[in-house]
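Notes follow once the structure below has been shown.
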Amino acid sequence: MTTTSPDSGPTATAAVDNFPLGTVEPDYVLTDALGTDPASVFATISDEDRGYWDRARSFVQDEVLPVIDGYWERAEYPLQLLRRLGELDLLRDGVEVDGYPAMSSMAAGLVNMEISRGDGSVATMIAVQGGLALRSVAECGSAEQKERWLPAIAAGTEYAAFALTEPTHGSDSVALESTATATDGGYLLNGEKKWIGNGSVGGVSVVWARGEDGQVHGYLVPQDSPGYSATKIEGKLALRAIWQAHIRLDNVFVPDENVLPGARTFKDTARVLLATRLGVAWSAVGHATACYETAVQYAKQRVQFGRPLAASQIVQERLARMLSELATMQLMVVQMTRLDEEGLLTPEQASLVKYTCTRTARGIASNARDLLGGNGILLANRVARHLADIEAIHTYEGTETMQALIIGRGITGTSAFA
Ligand SMILES: Cc1cc2nc3c(=O)[nH]c(=O)nc-3n(C[C@H](O)[C@H](O)[C@H](O)COP(=O)(O)OP(=O)(O)OC[C@H]3O[C@@H](n4cnc5c(N)ncnc54)[C@H](O)[C@@H]3O)c2cc1C
């Protein structure tokens with residue numbers, strides 16, 4: 001027997017040669033899609049919505065899965081995938097843009113789910129560029145700003161960031177300290193922002209800062225503006241194939257025409273954030289689906305004690321539990337999305353679905369990781385990447401605890417944030 005690994009030295013070859021035949025591990029096939037709709041929740045999806053979903057699935061299979069492990073491991077940002085999302089009209093997160101067909105909230109959710117089933121960094125490109133930046137301009141921009149920015153951001157020809165979080169204000173971003181001071185023909189921005197996806201890739205940032213009236217306003221800031229400096233945050237354990245930036249704003253001049261007129265108070269910022277919470281819940285379903293699929297396939301192929309893992313009652317019970325949890329998440333996102341399409345989704349419901357789905361997905365990923373044994377920590381077997389990436393979605397767009405406090409306020413009528 002010979003080994004084909006270029007790294008195998010004489011010792012490694014000798015060790016393999018000493019193994020009896022039949023002890024070489026098979027090449028597991030783990031990324032094929034399985035039937036993962038036990039409650040038939042997707043059976044009634046419209047043809048238009050299914051068109052978006054199918055396009056997302058082909059993109060994942062053909063363009064994401066073949067390359068993503070390498071980018072993730074090297075912590076490189078495959079910006080070409082962001083542009084492809086734009087070309088395929090998968091970047092908009094349901095935001096209406098002139099010249100584009102209607103994209104329902106359900107279609108946006110299915111895209112978020114499917115892309116996350118492939119990879120969390122690529123899904124976060126949608127969350128940042130479409131969900132947050134594009135939506136900010138659509139919700140708060142003037143007619144001229146919409147004409148200038150929406151088509152380019154939707155197409156992925158202009159990169160876009162949403163800069164709200166600060167080093168000292170995360171969950172309490174309502175208390176942000178960056179300032180906007182009036183000057184001739186515009187404003188001067190000062191402050192710092194942390195964790196800003198796409199903040200250092202050379203595009204436009206929607207920066208949230210406090211005006212002299214004490215209220216939070218939104219500003220469109222090209223990233224090559226003098227005084228705007230952004231450093232890529234290094235050493236991340238999650239979402240390694242997309243970059244977040246630490247931004248410093250040092251007297252950055254923003255002309256009047258780049259002030260978002262519809263962003264008058266933090267309530268306008270919160271409106272954008274509310275819309276994206278549901279998208280994160282869909283992402284969690286995608287991550288959980290990938291982990292479940294991998295666990296089932298591995299359990300069928302991995303033989304221990306002379307039989308596949310899948311023949312063990314305990315393993316079957318674990319798979320059943322995972323499928324039951326997955327179905328629960330699916331039912332919840334579909335119902336909340338129907339409410340969203342009717343304009344009826346409340347902040348408490350958006351928090352409930354994000355809270356439930358991210359924490360459930362975290363459990364499914366952990367269970368799947370364990371079922372794969374040592375192979376569960378290998379990037380090539382994809383569960384480890386999802387497990388790590390879920391840690392980020394568990395935190396961004398409002399941590400699990402923040403969602404719990406919103407739900408708790410709804411239950412009790414008492415705010416317990418401070
Ligand atoms: C990968 C990634 C990408 C991101 N992308 C962006 C982006 O593009 N743009 C952007 O603006 N931001 C972005 N963020 C920031 C994100 O929204 C914040 O990380 C998040 O809001 C939490 O803030 P924090 O990290 O400062 O944690 P903190 O607010 O410091 O929270 C730390 C812990 O304390 C808990 N906690 C806080 N307050 C309370 C309380 N009152 N009671 C009980 N517990 C509490 C939290 O739940 C959490 O467990 C990103 C973050 C990550 C990790």
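Each chain in the structure tokens gets a letter, A, B and so on, in the order shown; residues start at 1 in every chain, and ligands are counted from 1 in the order they appear.
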Contacts of chain A with ligand 1 up to 8 Å, shortest pair per row, only C-alpha atoms and all ligand atoms, as a Markdown table:
```
| residue | atom | partner | partner_atom_place_in_ligand_line | distance |
| --- | --- | --- | --- | --- |
| A:Thr124 | CA | ligand 1 | 3 (C) | 7.9 |
| A:Val128 | CA | ligand 1 | 8 (O) | 5.5 |
| A:Leu132 | CA | ligand 1 | 8 (O) | 7.9 |
| A:Ala161 | CA | ligand 1 | 8 (O) | 6.3 |
| A:Phe162 | CA | ligand 1 | 9 (N) | 4.9 |
| A:Ala163 | CA | ligand 1 | 11 (O) | 4.3 |
| A:Leu164 | CA | ligand 1 | 11 (O) | 3.5 |
| A:Thr165 | CA | ligand 1 | 11 (O) | 3.9 |
| A:Glu166 | CA | ligand 1 | 11 (O) | 7.3 |
| A:Pro167 | CA | ligand 1 | 26 (O) | 6.7 |
| A:Thr168 | CA | ligand 1 | 26 (O) | 6.7 |
| A:His169 | CA | ligand 1 | 26 (O) | 5.7 |
| A:Gly170 | CA | ligand 1 | 26 (O) | 3.2 |
| A:Ser171 | CA | ligand 1 | 29 (O) | 3.6 |
| A:Asp172 | CA | ligand 1 | 29 (O) | 6.2 |
| A:Ser173 | CA | ligand 1 | 21 (O) | 7.4 |
| A:Lys193 | CA | ligand 1 | 11 (O) | 7.3 |
| A:Lys194 | CA | ligand 1 | 12 (N) | 6.7 |
| A:Trp195 | CA | ligand 1 | 50 (C) | 4.6 |
| A:Ile196 | CA | ligand 1 | 8 (O) | 3.9 |
| A:Gly197 | CA | ligand 1 | 8 (O) | 3.9 |
| A:Asn198 | CA | ligand 1 | 8 (O) | 7.1 |
| A:Gly199 | CA | ligand 1 | 8 (O) | 7.6 |
| A:Ala238 | CA | ligand 1 | 1 (C) | 6.8 |
| A:Leu239 | CA | ligand 1 | 1 (C) | 6.2 |
| A:Gln244 | CA | ligand 1 | 3 (C) | 6.3 |
| A:Glu391 | CA | ligand 1 | 53 (C) | 8.0 |
| A:Ala392 | CA | ligand 1 | 53 (C) | 4.9 |
| A:Ile393 | CA | ligand 1 | 1 (C) | 7.2 |
| A:Thr395 | CA | ligand 1 | 20 (C) | 5.4 |
| A:Tyr396 | CA | ligand 1 | 17 (O) | 4.0 |
| A:Glu397 | CA | ligand 1 | 17 (O) | 4.8 |
| A:Gly398 | CA | ligand 1 | 21 (O) | 4.8 |
| A:Thr399 | CA | ligand 1 | 47 (O) | 4.8 |
| A:Glu400 | CA | ligand 1 | 47 (O) | 5.9 |
| A:Thr401 | CA | ligand 1 | 47 (O) | 4.2 |
| A:Met402 | CA | ligand 1 | 47 (O) | 5.5 |
| A:Leu405 | CA | ligand 1 | 42 (N) | 7.7 |
| A:Ala416 | CA | ligand 1 | 41 (N) | 7.0 |
| A:Phe417 | CA | ligand 1 | 41 (N) | 4.2 |
| A:Ala418 | CA | ligand 1 | 41 (N) | 5.2 |
```
Residues within 8 Å of segment 224-229 of chain A, please, as a ChimeraX atom specification. Count only C-alpha atoms; anything in the same chain fewer than 3 positions from it doesn't count. /A:202-203,221,247-253
Considering only C-alpha atoms, return as an mmCIF file with C-alpha atoms, in the first residue's frame whatever protein or nucleic-acid residues lie within 9 Å of Ala310 of chain A, sequence-local ones (same chain, fewer than 3 positions apart) excluded.
```
data_model
loop_
_atom_site.group_PDB
_atom_site.id
_atom_site.type_symbol
_atom_site.label_atom_id
_atom_site.label_comp_id
_atom_site.auth_asym_id
_atom_site.auth_seq_id
_atom_site.Cartn_x
_atom_site.Cartn_y
_atom_site.Cartn_z
ATOM 1 C CA VAL A 296 -27.155 11.479 9.248
ATOM 2 C CA GLN A 297 -24.799 10.717 6.399
ATOM 3 C CA TYR A 298 -21.863 10.115 8.679
ATOM 4 C CA ALA A 299 -23.887 7.852 10.965
ATOM 5 C CA LYS A 300 -24.873 5.709 7.991
ATOM 6 C CA GLN A 301 -21.320 5.394 6.698
ATOM 7 C CA ARG A 302 -19.262 5.181 9.875
ATOM 8 C CA VAL A 303 -18.885 1.595 11.101
ATOM 9 C CA ARG A 307 -22.161 -1.990 12.330
ATOM 10 C CA GLN A 313 -30.767 3.018 19.100
ATOM 11 C CA ILE A 314 -29.056 5.876 20.899
ATOM 12 C CA VAL A 315 -27.792 7.351 17.625
ATOM 13 C CA GLN A 316 -31.258 7.056 16.078
ATOM 14 C CA LEU A 319 -30.971 11.976 14.999
#
```
Exercise: Lys236 of chain A partners within 12 Å, only C-alpha atoms, chain neighbours under 6 positions left out, as a PyMOL selection string: chain A and resi 72-76+121+195+242-245+388-389+391-392
What residues in segment 131-273 of chain A get the DSSP label strand (DSSP E)? Please answer as a ChimeraX atom specification. /A:160-163,179-183,186-197,204-210,216-222,228-232,244-255
Between A:Glu139, A:Gly86, A:Ala230, A:Asp98, which is the closest to Tyr159 of chain A once you count only C-alpha atoms? A:Gly86
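Residue nearest Asp370 of chain A within the list A:Leu260, A:Ala327, A:Cys291, A:Ala320: A:Cys291 [criterion: smallest interatomic distance, only C-alpha atoms].
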